[in-house]
Amino acid sequence: MLDIKFIRSNPDEVTAAMKKRGMDLDLSEFLSLDENRRKILSEVEQLKSKRNSVSKEIGIMKKNGENADQLVQEMGEVGEKIKELDEQVKNIDTRLKDIILTIPNIPHESLPVGGESDYRVERTWGEPTKFAFDPQAHWDIGEKLGILDFERATKVTGARFTFYRGLGARLERAVISLMLDIHTSENGYEELIPPYMANKDSMTGTGQLPKFAEDMFKLEGLDYYLIPTAEVPVTNYYRDEILNEKDLPIKHCAFSPCFRSEAGSYGRDTRGIIRQHQFHKVELVKFANPENSFEELEKLTNDAEKVLQRLNLPYRVITLATGDIGFSSAKTYDIEVWLPSFKTYREISSCSNFLDFQARRANIRYRDKQGKVQFVHTLNGSGLAVGRTVAAILENYQQADGSVIVPEALRPFMGVDVIK
RNA sequence: GGAGAGAUGGCCGAGUGGCCGAAGGCGCUCCCCUGCUAAGGGAGUAUACGAGAGAUCGUAUCAUGGGUUCAAAUCCCAUUCUCUCCGCCA
(Lines give C-alpha, C1' and ligand atoms only; values in the text may rest on other atoms or scores of the structure.)
Protein backbone atom coordinates (compact mmCIF):
# COMPACT_ATOMS: atom_id res chain seq x y z
CA MET A 1 0.00 0.00 0.00
CA LEU A 2 0.99 3.58 -0.44
CA ASP A 3 2.12 5.79 2.39
CA ILE A 4 -0.95 7.49 3.80
CA LYS A 5 1.07 10.64 4.41
CA PHE A 6 2.17 10.65 0.82
CA ILE A 7 -1.42 10.39 -0.39
CA ARG A 8 -2.45 13.13 2.01
CA SER A 9 0.13 15.59 0.74
CA ASN A 10 0.24 14.55 -2.94
CA PRO A 11 -3.30 13.53 -3.89
CA ASP A 12 -3.00 14.90 -7.42
CA GLU A 13 0.17 12.98 -8.06
CA VAL A 14 -1.54 9.79 -6.92
CA THR A 15 -4.58 10.26 -9.13
CA ALA A 16 -2.33 11.11 -12.08
CA ALA A 17 -0.36 7.92 -11.51
CA MET A 18 -3.55 5.87 -11.41
CA LYS A 19 -4.66 7.51 -14.62
CA LYS A 20 -1.54 6.03 -16.23
CA ARG A 21 -2.77 2.66 -15.09
CA GLY A 22 -6.05 3.40 -16.80
CA MET A 23 -7.83 3.86 -13.51
CA ASP A 24 -10.01 6.71 -12.38
CA LEU A 25 -9.32 7.21 -8.72
CA ASP A 26 -11.42 9.55 -6.66
CA LEU A 27 -9.68 10.42 -3.43
CA SER A 28 -12.22 12.89 -2.09
CA GLU A 29 -13.80 10.46 0.38
CA PHE A 30 -10.40 9.29 1.53
CA LEU A 31 -9.11 12.80 2.12
CA SER A 32 -12.14 14.02 4.01
CA LEU A 33 -12.22 10.89 6.18
CA ASP A 34 -8.55 11.32 6.89
CA GLU A 35 -9.01 14.91 7.94
CA ASN A 36 -11.97 14.05 10.06
CA ARG A 37 -10.07 11.26 11.71
CA ARG A 38 -7.29 13.54 12.81
CA LYS A 39 -9.78 16.00 14.23
CA ILE A 40 -11.53 13.37 16.32
CA LEU A 41 -8.27 11.77 17.25
CA SER A 42 -6.83 14.89 18.77
CA GLU A 43 -10.06 15.46 20.67
CA VAL A 44 -10.16 11.98 22.13
CA GLU A 45 -6.47 12.04 22.94
CA GLN A 46 -6.94 15.18 24.97
CA LEU A 47 -9.71 13.50 26.90
CA LYS A 48 -7.55 10.45 27.50
CA SER A 49 -4.74 12.64 28.69
CA LYS A 50 -7.09 14.22 31.19
CA ARG A 51 -8.39 10.87 32.35
CA ASN A 52 -4.89 9.56 32.81
CA SER A 53 -3.76 12.42 34.99
CA VAL A 54 -6.97 12.60 37.02
CA SER A 55 -6.92 8.84 37.55
CA LYS A 56 -3.48 9.22 38.96
CA GLU A 57 -4.75 11.87 41.35
CA ILE A 58 -7.59 9.63 42.42
CA GLY A 59 -5.12 6.93 43.28
CA ILE A 60 -3.15 9.30 45.47
CA MET A 61 -6.26 10.69 47.16
CA LYS A 62 -7.52 7.24 47.99
CA LYS A 63 -4.20 6.28 49.42
CA ASN A 64 -4.39 9.33 51.66
CA GLY A 65 -7.90 8.40 52.71
CA GLU A 66 -9.51 11.38 51.00
CA ASN A 67 -12.86 11.26 49.29
CA ALA A 68 -12.60 11.20 45.48
CA ASP A 69 -16.21 10.43 44.60
CA GLN A 70 -16.66 13.67 42.72
CA LEU A 71 -13.69 13.02 40.42
CA VAL A 72 -14.62 9.37 39.95
CA GLN A 73 -18.02 10.38 38.73
CA GLU A 74 -16.61 13.00 36.37
CA MET A 75 -14.18 10.56 34.89
CA GLY A 76 -16.98 8.09 34.43
CA GLU A 77 -18.61 10.57 32.13
CA VAL A 78 -15.36 11.34 30.36
CA GLY A 79 -14.95 7.61 29.86
CA GLU A 80 -18.30 7.43 28.10
CA LYS A 81 -17.32 10.23 25.76
CA ILE A 82 -13.99 8.56 25.04
CA LYS A 83 -15.68 5.31 24.21
CA GLU A 84 -17.95 7.05 21.79
CA LEU A 85 -15.13 8.90 20.01
CA ASP A 86 -12.91 5.82 19.95
CA GLU A 87 -15.70 4.02 18.16
CA GLN A 88 -15.88 6.78 15.57
CA VAL A 89 -12.13 6.68 14.99
CA LYS A 90 -12.23 2.93 14.65
CA ASN A 91 -14.96 3.08 12.03
CA ILE A 92 -13.08 5.68 10.05
CA ASP A 93 -9.88 3.64 10.29
CA THR A 94 -11.64 0.60 8.93
CA ARG A 95 -13.01 2.54 6.01
CA LEU A 96 -9.66 4.22 5.30
CA LYS A 97 -7.92 0.89 5.34
CA ASP A 98 -10.51 -0.59 2.99
CA ILE A 99 -9.80 2.20 0.56
CA ILE A 100 -6.03 2.27 0.78
CA LEU A 101 -5.74 -1.49 0.40
CA THR A 102 -7.42 -1.28 -2.98
CA ILE A 103 -5.17 1.47 -4.37
CA PRO A 104 -2.44 -0.08 -6.53
CA ASN A 105 1.21 0.87 -6.56
CA ILE A 106 2.44 3.91 -8.46
CA PRO A 107 4.10 2.91 -11.76
CA HIS A 108 7.75 3.85 -11.99
CA GLU A 109 8.66 6.72 -14.29
CA SER A 110 10.81 4.48 -16.49
CA LEU A 111 7.77 2.60 -17.81
CA PRO A 112 6.23 3.27 -21.17
CA VAL A 113 2.80 4.77 -20.69
CA GLY A 114 -0.05 2.75 -22.13
CA GLY A 115 -1.73 -0.63 -22.13
CA GLU A 116 -1.03 -4.25 -22.92
CA SER A 117 0.42 -3.61 -26.36
CA ASP A 118 2.56 -0.65 -25.39
CA TYR A 119 5.39 -2.66 -23.88
CA ARG A 120 9.01 -1.83 -24.69
CA VAL A 121 11.31 -4.56 -25.95
CA GLU A 122 14.55 -4.43 -23.98
CA ARG A 123 16.48 -7.23 -25.63
CA THR A 124 16.08 -10.48 -27.49
CA TRP A 125 18.22 -13.57 -27.10
CA GLY A 126 18.59 -16.22 -29.78
CA GLU A 127 16.58 -16.53 -32.96
CA PRO A 128 13.07 -17.93 -33.32
CA THR A 129 13.50 -21.64 -33.99
CA LYS A 130 13.23 -22.63 -37.65
CA PHE A 131 11.75 -25.89 -38.83
CA ALA A 132 11.99 -27.79 -42.10
CA PHE A 133 8.53 -29.16 -41.34
CA ASP A 134 5.30 -27.88 -39.91
CA PRO A 135 5.89 -27.64 -36.12
CA GLN A 136 3.19 -29.01 -33.86
CA ALA A 137 1.75 -27.53 -30.71
CA HIS A 138 3.07 -28.94 -27.43
CA TRP A 139 -0.25 -30.57 -26.56
CA ASP A 140 -0.16 -32.58 -29.76
CA ILE A 141 3.47 -33.50 -29.23
CA GLY A 142 2.82 -34.42 -25.62
CA GLU A 143 -0.24 -36.52 -26.27
CA LYS A 144 1.32 -38.38 -29.15
CA LEU A 145 4.38 -39.17 -27.06
CA GLY A 146 2.15 -40.27 -24.21
CA ILE A 147 3.77 -37.86 -21.77
CA LEU A 148 0.87 -35.44 -21.30
CA ASP A 149 -2.66 -36.67 -20.55
CA PHE A 150 -5.31 -33.99 -20.56
CA GLU A 151 -8.32 -36.25 -21.00
CA ARG A 152 -7.83 -38.30 -17.88
CA ALA A 153 -7.04 -35.16 -15.86
CA THR A 154 -10.41 -33.81 -16.90
CA LYS A 155 -12.07 -36.99 -15.71
CA VAL A 156 -10.20 -37.06 -12.42
CA THR A 157 -10.50 -33.38 -11.63
CA GLY A 158 -11.77 -31.09 -14.37
CA ALA A 159 -10.76 -28.67 -17.05
CA ARG A 160 -7.33 -27.02 -16.95
CA PHE A 161 -5.57 -29.87 -15.21
CA THR A 162 -2.97 -32.25 -16.60
CA PHE A 163 -1.30 -35.53 -15.87
CA TYR A 164 2.39 -35.67 -16.73
CA ARG A 165 3.39 -39.23 -17.47
CA GLY A 166 6.65 -41.13 -17.80
CA LEU A 167 9.34 -38.99 -19.38
CA GLY A 168 6.94 -36.06 -19.29
CA ALA A 169 6.85 -36.20 -15.52
CA ARG A 170 10.57 -36.70 -15.52
CA LEU A 171 11.08 -33.71 -17.80
CA GLU A 172 9.06 -31.51 -15.47
CA ARG A 173 11.15 -32.71 -12.55
CA ALA A 174 14.39 -32.24 -14.48
CA VAL A 175 13.49 -28.66 -15.31
CA ILE A 176 12.71 -27.97 -11.66
CA SER A 177 16.04 -29.41 -10.58
CA LEU A 178 18.01 -27.49 -13.18
CA MET A 179 16.39 -24.23 -12.18
CA LEU A 180 16.94 -24.74 -8.48
CA ASP A 181 20.54 -25.80 -9.04
CA ILE A 182 21.27 -22.69 -11.07
CA HIS A 183 19.68 -20.34 -8.56
CA THR A 184 21.17 -21.90 -5.45
CA SER A 185 24.64 -22.89 -6.64
CA GLU A 186 25.32 -20.17 -9.19
CA ASN A 187 23.07 -17.22 -8.42
CA GLY A 188 23.31 -17.31 -4.64
CA TYR A 189 19.69 -17.74 -3.61
CA GLU A 190 18.80 -19.68 -0.48
CA GLU A 191 16.19 -22.32 -1.15
CA LEU A 192 12.91 -22.54 0.71
CA ILE A 193 10.12 -25.05 0.53
CA PRO A 194 7.10 -23.08 1.66
CA PRO A 195 3.60 -24.05 2.75
CA TYR A 196 1.28 -24.28 -0.23
CA MET A 197 -1.52 -22.61 1.68
CA ALA A 198 -1.37 -19.19 3.24
CA ASN A 199 -3.68 -17.25 5.50
CA LYS A 200 -5.56 -14.03 4.91
CA ASP A 201 -2.92 -11.78 6.45
CA SER A 202 -0.29 -13.19 4.13
CA MET A 203 -2.50 -12.78 1.10
CA THR A 204 -3.12 -9.19 2.11
CA GLY A 205 0.57 -8.62 2.70
CA THR A 206 1.57 -9.36 -0.86
CA GLY A 207 -1.52 -7.76 -2.40
CA GLN A 208 -3.70 -10.69 -3.51
CA LEU A 209 -6.34 -9.61 -1.02
CA PRO A 210 -8.67 -7.88 -0.64
CA LYS A 211 -9.09 -7.20 -4.33
CA PHE A 212 -8.35 -10.49 -6.07
CA ALA A 213 -10.06 -13.08 -3.92
CA GLU A 214 -11.85 -14.59 -6.90
CA ASP A 215 -8.53 -15.48 -8.54
CA MET A 216 -7.65 -17.88 -5.75
CA PHE A 217 -8.84 -21.18 -4.34
CA LYS A 218 -10.00 -20.88 -0.75
CA LEU A 219 -10.33 -23.75 1.65
CA GLU A 220 -13.79 -24.31 2.97
CA GLY A 221 -14.30 -23.35 6.58
CA LEU A 222 -10.81 -21.96 6.97
CA ASP A 223 -9.11 -18.65 6.30
CA TYR A 224 -6.55 -20.47 4.19
CA TYR A 225 -5.97 -20.02 0.48
CA LEU A 226 -4.01 -22.17 -1.94
CA ILE A 227 -1.05 -20.08 -2.96
CA PRO A 228 -1.19 -18.60 -6.48
CA THR A 229 2.62 -18.25 -6.35
CA ALA A 230 5.41 -18.94 -3.88
CA GLU A 231 5.85 -15.18 -3.75
CA VAL A 232 3.13 -15.16 -1.09
CA PRO A 233 4.64 -17.49 1.53
CA VAL A 234 8.23 -16.48 0.80
CA THR A 235 7.62 -12.74 1.03
CA ASN A 236 5.48 -13.20 4.13
CA TYR A 237 8.22 -15.31 5.66
CA TYR A 238 9.58 -12.04 7.06
CA ARG A 239 6.23 -10.40 7.79
CA ASP A 240 6.28 -8.24 10.93
CA GLU A 241 10.03 -8.61 11.23
CA ILE A 242 12.91 -6.17 11.42
CA LEU A 243 15.86 -7.24 9.30
CA ASN A 244 19.47 -6.15 9.55
CA GLU A 245 20.74 -3.82 6.88
CA LYS A 246 23.95 -5.79 6.57
CA ASP A 247 21.97 -8.90 5.56
CA LEU A 248 20.39 -7.15 2.56
CA PRO A 249 19.70 -8.16 -0.06
CA ILE A 250 18.18 -11.37 1.23
CA LYS A 251 17.66 -13.74 -1.69
CA HIS A 252 15.40 -16.76 -1.65
CA CYS A 253 14.31 -19.18 -4.30
CA ALA A 254 11.45 -21.58 -3.86
CA PHE A 255 9.81 -24.28 -5.88
CA SER A 256 6.08 -24.70 -5.39
CA PRO A 257 2.90 -25.67 -7.10
CA CYS A 258 0.72 -22.66 -7.84
CA PHE A 259 -3.07 -22.63 -7.87
CA ARG A 260 -5.11 -20.13 -9.81
CA SER A 261 -8.81 -20.12 -10.49
CA GLU A 262 -8.22 -18.25 -13.77
CA ALA A 263 -11.58 -16.64 -13.34
CA GLY A 264 -12.26 -14.36 -16.25
CA SER A 265 -9.94 -16.10 -18.70
CA TYR A 266 -12.38 -18.65 -19.99
CA GLY A 267 -11.72 -18.43 -23.68
CA ARG A 268 -7.96 -18.08 -23.47
CA ASP A 269 -5.33 -20.76 -23.87
CA THR A 270 -7.80 -23.55 -23.35
CA ARG A 271 -5.47 -26.11 -24.85
CA GLY A 272 -2.14 -27.27 -23.53
CA ILE A 273 -0.32 -26.43 -20.36
CA ILE A 274 0.01 -22.69 -20.80
CA ARG A 275 -2.88 -21.79 -18.53
CA GLN A 276 -3.72 -24.37 -15.88
CA HIS A 277 -5.42 -24.25 -12.50
CA GLN A 278 -2.33 -25.90 -11.05
CA PHE A 279 1.20 -25.44 -12.28
CA HIS A 280 4.74 -25.52 -11.00
CA LYS A 281 6.99 -22.56 -10.63
CA VAL A 282 10.40 -21.73 -9.23
CA GLU A 283 10.18 -18.30 -7.71
CA LEU A 284 12.89 -15.79 -6.87
CA VAL A 285 12.29 -13.33 -4.06
CA LYS A 286 14.51 -10.53 -2.83
CA PHE A 287 14.41 -8.19 0.13
CA ALA A 288 16.53 -5.23 -0.84
CA ASN A 289 17.86 -1.96 0.44
CA PRO A 290 15.74 0.85 -1.09
CA GLU A 291 18.95 2.47 -2.33
CA ASN A 292 19.62 -0.22 -4.90
CA SER A 293 16.39 -2.10 -5.48
CA PHE A 294 16.30 -1.27 -9.18
CA GLU A 295 19.79 -2.67 -9.66
CA GLU A 296 18.58 -5.76 -7.86
CA LEU A 297 15.67 -6.00 -10.30
CA GLU A 298 18.12 -6.05 -13.21
CA LYS A 299 20.13 -8.79 -11.54
CA LEU A 300 17.07 -10.82 -10.68
CA THR A 301 15.86 -10.66 -14.26
CA ASN A 302 19.29 -11.76 -15.48
CA ASP A 303 19.20 -14.64 -13.01
CA ALA A 304 15.92 -15.83 -14.52
CA GLU A 305 17.18 -15.38 -18.08
CA LYS A 306 20.11 -17.61 -17.32
CA VAL A 307 17.80 -20.62 -17.22
CA LEU A 308 16.56 -20.00 -20.75
CA GLN A 309 20.09 -19.45 -21.97
CA ARG A 310 21.16 -22.73 -20.42
CA LEU A 311 18.26 -24.43 -22.18
CA ASN A 312 19.08 -22.58 -25.37
CA LEU A 313 15.53 -21.32 -25.75
CA PRO A 314 15.02 -18.08 -27.67
CA TYR A 315 13.42 -15.31 -25.65
CA ARG A 316 13.03 -11.61 -25.26
CA VAL A 317 12.65 -9.25 -22.32
CA ILE A 318 10.02 -6.53 -22.34
CA THR A 319 9.16 -3.73 -19.96
CA LEU A 320 5.45 -3.69 -19.28
CA ALA A 321 3.60 -0.46 -19.79
CA THR A 322 1.96 1.46 -16.96
CA GLY A 323 -1.47 -0.02 -17.63
CA ASP A 324 -0.27 -3.62 -17.72
CA ILE A 325 1.76 -4.07 -14.55
CA GLY A 326 0.36 -5.95 -11.60
CA PHE A 327 -1.46 -4.36 -8.70
CA SER A 328 1.52 -4.28 -6.32
CA SER A 329 4.25 -3.65 -8.86
CA ALA A 330 6.05 -0.42 -9.68
CA LYS A 331 8.03 -1.92 -12.54
CA THR A 332 7.84 -5.28 -14.27
CA TYR A 333 9.96 -7.02 -16.86
CA ASP A 334 8.34 -9.95 -18.59
CA ILE A 335 10.58 -12.61 -20.03
CA GLU A 336 8.89 -14.16 -23.03
CA VAL A 337 9.96 -17.42 -24.59
CA TRP A 338 9.49 -18.29 -28.24
CA LEU A 339 6.63 -20.72 -28.82
CA PRO A 340 6.63 -21.99 -32.42
CA SER A 341 3.01 -23.13 -32.42
CA PHE A 342 1.90 -19.67 -31.34
CA LYS A 343 4.44 -18.08 -33.68
CA THR A 344 5.08 -15.59 -30.95
CA TYR A 345 6.83 -14.94 -27.65
CA ARG A 346 4.84 -15.96 -24.59
CA GLU A 347 5.35 -14.91 -20.99
CA ILE A 348 7.41 -17.34 -18.97
CA SER A 349 8.54 -15.04 -16.20
CA SER A 350 7.49 -11.80 -14.63
CA CYS A 351 10.09 -9.89 -12.62
CA SER A 352 8.94 -6.97 -10.52
CA ASN A 353 10.11 -4.37 -8.10
CA PHE A 354 7.38 -3.58 -5.58
CA LEU A 355 9.39 -0.90 -3.78
CA ASP A 356 7.95 -0.56 -0.27
CA PHE A 357 4.39 -1.35 -1.37
CA GLN A 358 4.33 -4.93 -0.08
CA ALA A 359 6.71 -4.18 2.77
CA ARG A 360 4.32 -1.58 4.13
CA ARG A 361 1.39 -4.00 3.90
CA ALA A 362 3.34 -6.88 5.38
CA ASN A 363 5.32 -4.68 7.80
CA ILE A 364 8.75 -5.90 6.72
CA ARG A 365 11.41 -3.47 7.82
CA TYR A 366 15.12 -3.16 8.40
CA ARG A 367 17.30 -1.23 10.80
CA ASP A 368 19.65 1.08 8.96
CA LYS A 369 23.12 2.24 10.01
CA GLN A 370 21.66 5.07 12.06
CA GLY A 371 19.47 2.60 13.91
CA LYS A 372 16.37 3.88 12.18
CA VAL A 373 13.71 1.39 11.20
CA GLN A 374 12.56 1.58 7.59
CA PHE A 375 10.61 -0.48 5.08
CA VAL A 376 12.60 -2.77 2.82
CA HIS A 377 11.96 -3.07 -0.88
CA THR A 378 10.62 -6.40 -2.07
CA LEU A 379 11.16 -7.92 -5.50
CA ASN A 380 10.29 -11.16 -7.11
CA GLY A 381 10.28 -12.98 -10.40
CA SER A 382 9.59 -16.38 -11.82
CA GLY A 383 12.72 -18.30 -12.32
CA LEU A 384 10.82 -19.77 -14.22
CA ALA A 385 7.30 -21.08 -14.77
CA VAL A 386 8.00 -24.81 -15.11
CA GLY A 387 5.05 -25.94 -17.23
CA ARG A 388 5.57 -23.23 -19.78
CA THR A 389 9.26 -24.09 -19.89
CA VAL A 390 8.34 -27.70 -20.64
CA ALA A 391 5.95 -26.53 -23.33
CA ALA A 392 8.71 -24.40 -24.84
CA ILE A 393 11.13 -27.32 -24.79
CA LEU A 394 8.64 -29.65 -26.45
CA GLU A 395 7.89 -27.14 -29.16
CA ASN A 396 11.37 -25.80 -29.83
CA TYR A 397 13.13 -29.16 -29.66
CA GLN A 398 10.59 -31.20 -31.62
CA GLN A 399 11.72 -33.29 -34.58
CA ALA A 400 9.99 -34.19 -37.82
CA ASP A 401 9.26 -37.70 -36.54
CA GLY A 402 7.42 -36.38 -33.49
CA SER A 403 10.23 -37.05 -31.07
CA VAL A 404 11.78 -34.37 -28.87
CA ILE A 405 15.48 -33.89 -28.31
CA VAL A 406 16.40 -33.34 -24.68
CA PRO A 407 18.32 -30.09 -24.19
CA GLU A 408 21.91 -30.73 -23.20
CA ALA A 409 21.56 -29.13 -19.80
CA LEU A 410 18.76 -31.52 -18.86
CA ARG A 411 20.36 -34.76 -19.92
CA PRO A 412 22.06 -35.43 -16.58
CA PHE A 413 18.60 -35.28 -15.01
CA MET A 414 16.77 -37.18 -17.73
CA GLY A 415 18.92 -40.19 -18.43
CA VAL A 416 17.94 -40.08 -22.10
CA ASP A 417 18.84 -37.84 -25.04
CA VAL A 418 15.57 -38.09 -26.88
CA ILE A 419 11.94 -38.46 -25.88
CA LYS A 420 10.23 -40.71 -28.38
C1' G B 1 -9.53 -34.96 19.19
C1' G B 2 -8.83 -34.86 25.11
C1' A B 3 -6.10 -32.65 29.52
C1' G B 4 -2.79 -29.01 31.30
C1' A B 5 0.77 -24.80 30.96
C1' G B 6 2.03 -20.48 28.59
C1' A B 7 2.46 -15.78 25.07
C1' U B 8 6.04 -9.12 28.14
C1' G B 9 10.98 -4.60 24.31
C1' G B 10 16.39 -6.83 19.12
C1' C B 11 17.06 -11.33 22.67
C1' C B 12 16.57 -13.50 27.81
C1' G B 13 13.55 -12.40 31.79
C1' A B 14 10.91 -9.74 36.39
C1' G B 15 6.34 -7.87 37.27
C1' U B 16 -1.22 -10.14 40.06
C1' G B 17 -5.08 -3.14 39.80
C1' G B 18 -2.63 3.15 40.42
C1' C B 19 4.17 5.47 41.59
C1' C B 20 4.97 0.31 34.91
C1' G B 21 6.65 2.03 28.44
C1' A B 22 7.61 -1.54 31.82
C1' A B 23 13.16 -3.99 36.92
C1' G B 24 17.55 -6.85 35.88
C1' G B 25 20.64 -9.11 32.29
C1' C B 26 22.43 -9.81 27.17
C1' G B 27 23.23 -7.36 22.69
C1' C B 28 24.12 -2.67 20.28
C1' U B 29 25.94 2.79 20.18
C1' C B 30 28.93 6.66 22.33
C1' C B 31 32.46 8.30 26.12
C1' C B 32 36.33 7.35 29.92
C1' C B 33 40.17 4.20 31.82
C1' U B 34 43.61 0.60 30.42
C1' G B 35 46.68 -0.71 26.75
C1' C B 36 46.57 -5.03 22.93
C1' U B 37 44.25 -10.40 20.46
C1' A B 38 41.55 -9.65 28.30
C1' A B 39 38.78 -6.56 31.47
C1' G B 40 36.62 -2.26 34.13
C1' G B 41 33.61 2.44 34.70
C1' G B 42 29.78 5.91 32.78
C1' A B 43 25.78 7.40 29.47
C1' G B 44 22.33 6.04 25.84
C1' U B 45 19.29 2.33 23.32
C1' A B 46 11.10 0.33 21.16
C1' U B 47 7.31 1.26 17.56
C1' A B 48 3.08 3.66 15.51
C1' C B 49 -0.15 7.72 15.24
C1' G B 50 -1.36 12.90 16.28
C1' A B 51 0.22 18.20 17.44
C1' G B 52 4.57 21.54 16.60
C1' A B 53 9.23 25.18 12.35
C1' G B 54 11.88 22.71 16.23
C1' A B 55 13.36 21.35 21.23
C1' U B 56 9.39 18.70 22.56
C1' C B 57 4.46 17.24 24.00
C1' G B 58 0.21 13.93 23.81
C1' U B 59 -2.04 9.11 22.76
C1' A B 60 -1.71 3.97 21.91
C1' U B 61 0.90 -0.67 22.15
C1' C B 62 3.05 -6.27 27.51
C1' A B 63 -0.27 -12.45 21.44
C1' U B 64 -5.28 -10.57 19.10
C1' G B 65 -10.29 -8.76 19.94
C1' G B 66 -13.98 -7.52 23.48
C1' G B 67 -15.45 -6.52 28.75
C1' U B 68 -15.08 -4.77 34.11
C1' U B 69 -12.95 -0.17 36.51
C1' C B 70 -12.06 6.68 37.81
C1' A B 71 -7.54 3.63 36.53
C1' A B 72 -5.56 -2.91 33.38
C1' A B 73 0.77 -6.08 31.43
C1' U B 74 -1.97 -7.30 36.02
C1' C B 75 -9.16 -9.08 36.78
C1' C B 76 -13.16 -11.49 33.27
C1' C B 77 -14.66 -13.55 28.27
C1' A B 78 -13.54 -15.09 23.26
C1' U B 79 -9.96 -16.14 19.53
C1' U B 80 -5.07 -17.36 17.68
C1' C B 81 -0.48 -19.44 18.43
C1' U B 82 3.37 -22.20 21.34
C1' C B 83 4.82 -26.07 24.74
C1' U B 84 3.89 -30.82 27.71
C1' C B 85 1.10 -35.37 28.31
C1' C B 86 -2.67 -38.81 26.13
C1' G B 87 -5.14 -40.50 21.62
C1' C B 88 -4.91 -40.81 16.24
C1' C B 89 -1.88 -40.65 11.96
C1' A B 90 2.07 -40.21 6.91
# chains A, B, ... in the order shown; residues from 1 in each chain; ligands from 1
$ closest_atom_pairs --of "stretch 130-210 of chain A" --to "stretch 90-107 of chain A" --cutoff "12 Å" --atoms "only C-alpha atoms" --output "tab-separated table"
residue	atom	partner	partner_atom	distance
A:Met203	CA	A:Leu101	CA	11.8
A:Thr204	CA	A:Leu101	CA	8.3
A:Gly205	CA	A:Leu101	CA	9.8
A:Thr206	CA	A:Leu101	CA	10.8
A:Gly207	CA	A:Leu101	CA	8.1
A:Gln208	CA	A:Thr102	CA	10.1
A:Leu209	CA	A:Leu101	CA	8.3
A:Pro210	CA	A:Leu101	CA	7.1
$ write_last_selection --atoms "all heavy atoms" --output "CSV table (one decimal), in the first residue's frame"
chain,number,residue,atom,x,y,z
A,203,MET,N,-2.0,-13.2,2.4
A,203,MET,CA,-2.5,-12.8,1.1
A,203,MET,C,-2.7,-11.3,1.0
A,203,MET,O,-2.5,-10.7,-0.1
A,203,MET,CB,-3.8,-13.5,0.9
A,203,MET,CG,-3.7,-15.0,0.7
A,203,MET,SD,-2.7,-15.4,-0.8
A,203,MET,CE,-2.7,-17.2,-0.6
A,204,THR,N,-3.0,-10.6,2.1
A,204,THR,CA,-3.1,-9.2,2.1
A,204,THR,C,-1.7,-8.5,2.0
A,204,THR,O,-1.6,-7.5,1.4
A,204,THR,CB,-3.8,-8.7,3.4
A,204,THR,OG1,-5.1,-9.4,3.5
A,204,THR,CG2,-4.1,-7.2,3.4
A,205,GLY,N,-0.8,-9.2,2.7
A,205,GLY,CA,0.6,-8.6,2.7
A,205,GLY,C,1.2,-8.5,1.3
A,205,GLY,O,1.8,-7.5,1.0
A,206,THR,N,1.0,-9.4,0.5
A,206,THR,CA,1.6,-9.4,-0.9
A,206,THR,C,0.6,-8.8,-1.9
A,206,THR,O,1.0,-8.5,-3.0
A,206,THR,CB,2.0,-10.8,-1.3
A,206,THR,OG1,1.2,-11.8,-0.8
A,206,THR,CG2,3.5,-11.0,-0.9
A,207,GLY,N,-0.6,-8.5,-1.5
A,207,GLY,CA,-1.5,-7.8,-2.4
A,207,GLY,C,-2.6,-8.6,-3.1
A,207,GLY,O,-3.3,-8.0,-3.9
A,208,GLN,N,-2.7,-9.9,-2.9
A,208,GLN,CA,-3.7,-10.7,-3.5
A,208,GLN,C,-5.1,-10.3,-3.0
A,208,GLN,O,-6.1,-10.3,-3.7
A,208,GLN,CB,-3.4,-12.2,-3.3
A,208,GLN,CG,-2.4,-12.8,-4.2
A,208,GLN,CD,-1.0,-12.3,-3.8
A,208,GLN,OE1,-0.7,-12.0,-2.7
A,208,GLN,NE2,-0.1,-12.4,-4.8
A,209,LEU,N,-5.1,-10.0,-1.7
A,209,LEU,CA,-6.3,-9.6,-1.0
A,209,LEU,C,-6.2,-8.1,-0.6
A,209,LEU,O,-5.1,-7.7,-0.5
A,209,LEU,CB,-6.6,-10.4,0.2
A,209,LEU,CG,-7.0,-11.9,0.0
A,209,LEU,CD1,-7.1,-12.6,1.4
A,209,LEU,CD2,-8.3,-12.0,-0.8
A,210,PRO,N,-7.3,-7.4,-0.5
A,210,PRO,CA,-8.7,-7.9,-0.6
A,210,PRO,C,-9.2,-7.9,-2.1
A,210,PRO,O,-10.3,-8.4,-2.3
A,210,PRO,CB,-9.4,-6.8,0.2
A,210,PRO,CG,-8.6,-5.6,0.0
A,210,PRO,CD,-7.2,-6.0,-0.1
$ closest_atom_pairs --of "chain B" --to "chain A" --cutoff "10 Å" --atoms "only C-alpha atoms (C1' of nucleotides)" --output "CSV"
residue,atom,partner,partner_atom,distance
B:G10,C1',A:Ile242,CA,8.5
B:G18,C1',A:Gly59,CA,5.4
B:C19,C1',A:Lys56,CA,8.9
B:C28,C1',A:Gly371,CA,9.5
B:U29,C1',A:Gly371,CA,9.0
B:U45,C1',A:Gly371,CA,9.4
B:U47,C1',A:Val373,CA,9.0
B:C49,C1',A:Leu41,CA,9.3
B:G50,C1',A:Ser42,CA,6.3
B:A51,C1',A:Ser42,CA,7.9
B:G58,C1',A:Glu45,CA,7.0
B:U59,C1',A:Glu45,CA,5.3
B:A60,C1',A:Glu45,CA,9.4
B:U69,C1',A:Gly76,CA,9.4
B:C70,C1',A:Val72,CA,4.3
B:A71,C1',A:Ser55,CA,5.4
$ closest_residue --among "A:His377, A:Arg316, A:Lys81, A:Lys420" --to "A:Arg123" --atoms "only C-alpha atoms"
A:Arg316
$ select_by_dssp --residues "stretch 226-269 of chain A" --states "strand (DSSP E or B)" --output "ChimeraX atom specification"
/A:226,242-244,250-259
$ residues_around --residues "A:Leu297" --least-positions-apart "3" --cutoff "12 Å" --atoms "only C-alpha atoms (C1' of nucleotides)" --output "ChimeraX atom specification"
/A:249,251,284-290,292-294,300-304,319,329-334,350-355,377-381
